[in-house]
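I have placed the structure first, in the form of structure tokens, so that the comments after it can refer back to it.
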Amino acid sequence: MKTKRPALVIGFAAETERVVEHAKQKLERKGCDWILANDVSAESGVMGGDLNSIHLVSADGVESWPTQTKDEVAHMLIERVATTIAKAAP
């Protein structure tokens with residue numbers, strides 16, 4: 001969207017190889033503020049499992065979150081979104 005762009009645009013990248021590299025490319029290509037990337041290869045055990053490891057990729061760099069439950073990932077993301085939007089509010 002060229003007009004009325006949301007304050008924060010988040011994309012997701014489920015990758016099977018070169019997770020962070022592909023997420024950086026997707027960030028650029030899609031024009032997102034953040035990409036949340038995770039490894040969904042068979043070796044990671046993410047698909048059908050209870051745990052997840054996320055890499056938050058932004059123009060500022062890459063923040064690798066600790067391995068945690070998918071509910072914990074969701075809560076961490078919600079907190080980060082709320083904090084970021086609150087900082088951007090006039």
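As shown in the structure tokens, the chain order sets the letters A, B, ...; within each chain, residues go from 1, and ligands are also counted from 1 in the order they appear.
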Exercise for review: Find the spatial neighbours of A:Glu15, counting only C-alpha atoms, within a cut-off of 7 Å - ignore same-chain residues fewer than 2 positions away - and output them as a list in words.
Suggested key: Ala13, Glu17, Val19, Asn38, Asp39 and Val40 of chain A
Could you pull out all residues of chain A with a DSSP call of alpha helix (DSSP H) and give them as number ranges by chain?
A: 19-30, 70-88
- May I have the residues within 12 Å of A:Lys26 as a list in words, using only C-alpha atoms and disregarding those fewer than 6 positions away in the same chain?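 After dropping sequence-adjacent residues, the list is Ile10, Gly11, Phe12, Ala13, Ala14, Glu15, Val19, Val20, Cys32, Asp33, Trp34, Ile35, Leu36, Ala37, Val57, Ser58 and Ala59 of chain A.
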Could you save those same residues with N, CA and C atoms as an mmCIF file, in the first residue's frame?
data_model
loop_
_atom_site.group_PDB
_atom_site.id
_atom_site.type_symbol
_atom_site.label_atom_id
_atom_site.label_comp_id
_atom_site.auth_asym_id
_atom_site.auth_seq_id
_atom_site.Cartn_x
_atom_site.Cartn_y
_atom_site.Cartn_z
ATOM 1 N N ILE A 10 4.299 -6.224 9.365
ATOM 2 C CA ILE A 10 5.039 -7.411 9.778
ATOM 3 C C ILE A 10 4.791 -8.534 8.783
ATOM 4 N N GLY A 11 5.859 -9.145 8.337
ATOM 5 C CA GLY A 11 5.763 -10.307 7.470
ATOM 6 C C GLY A 11 6.308 -11.531 8.193
ATOM 7 N N PHE A 12 6.031 -12.680 7.641
ATOM 8 C CA PHE A 12 6.473 -13.928 8.240
ATOM 9 C C PHE A 12 7.183 -14.757 7.181
ATOM 10 N N ALA A 13 8.230 -15.447 7.610
ATOM 11 C CA ALA A 13 8.988 -16.286 6.691
ATOM 12 C C ALA A 13 9.221 -17.647 7.350
ATOM 13 N N ALA A 14 8.608 -18.650 6.815
ATOM 14 C CA ALA A 14 8.844 -20.026 7.248
ATOM 15 C C ALA A 14 9.827 -20.615 6.242
ATOM 16 N N GLU A 15 11.042 -20.868 6.697
ATOM 17 C CA GLU A 15 12.119 -21.275 5.787
ATOM 18 C C GLU A 15 12.675 -22.638 6.177
ATOM 19 N N VAL A 19 17.740 -19.379 6.828
ATOM 20 C CA VAL A 19 16.558 -18.715 7.381
ATOM 21 C C VAL A 19 16.725 -17.200 7.440
ATOM 22 N N VAL A 20 17.781 -16.738 8.070
ATOM 23 C CA VAL A 20 17.974 -15.297 8.245
ATOM 24 C C VAL A 20 18.266 -14.623 6.912
ATOM 25 N N CYS A 32 8.468 -4.646 4.280
ATOM 26 C CA CYS A 32 7.973 -4.760 5.652
ATOM 27 C C CYS A 32 8.887 -4.020 6.617
ATOM 28 N N ASP A 33 8.363 -3.750 7.810
ATOM 29 C CA ASP A 33 9.191 -3.208 8.879
ATOM 30 C C ASP A 33 9.928 -4.341 9.588
ATOM 31 N N TRP A 34 9.241 -5.441 9.756
ATOM 32 C CA TRP A 34 9.806 -6.624 10.402
ATOM 33 C C TRP A 34 9.433 -7.866 9.601
ATOM 34 N N ILE A 35 10.320 -8.838 9.690
ATOM 35 C CA ILE A 35 9.998 -10.196 9.250
ATOM 36 C C ILE A 35 10.278 -11.099 10.444
ATOM 37 N N LEU A 36 9.311 -11.933 10.794
ATOM 38 C CA LEU A 36 9.527 -12.957 11.810
ATOM 39 C C LEU A 36 9.813 -14.245 11.063
ATOM 40 N N ALA A 37 11.021 -14.731 11.227
ATOM 41 C CA ALA A 37 11.459 -15.897 10.466
ATOM 42 C C ALA A 37 11.683 -17.079 11.395
ATOM 43 N N VAL A 57 13.724 -9.934 12.096
ATOM 44 C CA VAL A 57 14.609 -9.257 11.150
ATOM 45 C C VAL A 57 14.006 -7.896 10.831
ATOM 46 N N SER A 58 14.817 -6.850 10.974
ATOM 47 C CA SER A 58 14.377 -5.490 10.669
ATOM 48 C C SER A 58 15.529 -4.737 10.025
ATOM 49 N N ALA A 59 15.280 -3.495 9.671
ATOM 50 C CA ALA A 59 16.339 -2.657 9.102
ATOM 51 C C ALA A 59 17.461 -2.439 10.115
#
Exercise. What is the atom CA of A:Leu51 to atom CA of A:Thr67 distance in Å?
Worked result: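 Value for the atom CA of A:Leu51-atom CA of A:Thr67 distance: 6.5 Å.
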Next item on the list: Assign secondary structure with DSSP using the backbone only, and return the residues of stretch 9-80 of chain A in strand (DSSP E) as a count of residues only.
Entry: 25
Please determine, counting only C-alpha atoms, which residue among A:Ala88, A:Leu8, A:Ala82, A:Leu77 has the shortest atom-to-atom distance to A:His55.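 The shortest atom-to-atom distance to A:His55 comes from A:Leu77.
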- Which one is closest to A:Glu21: A:Gly61, A:Gly48, A:Pro6, A:Pro66? Count only C-alpha atoms.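 Closest to A:Glu21 of all the choices is A:Gly61.
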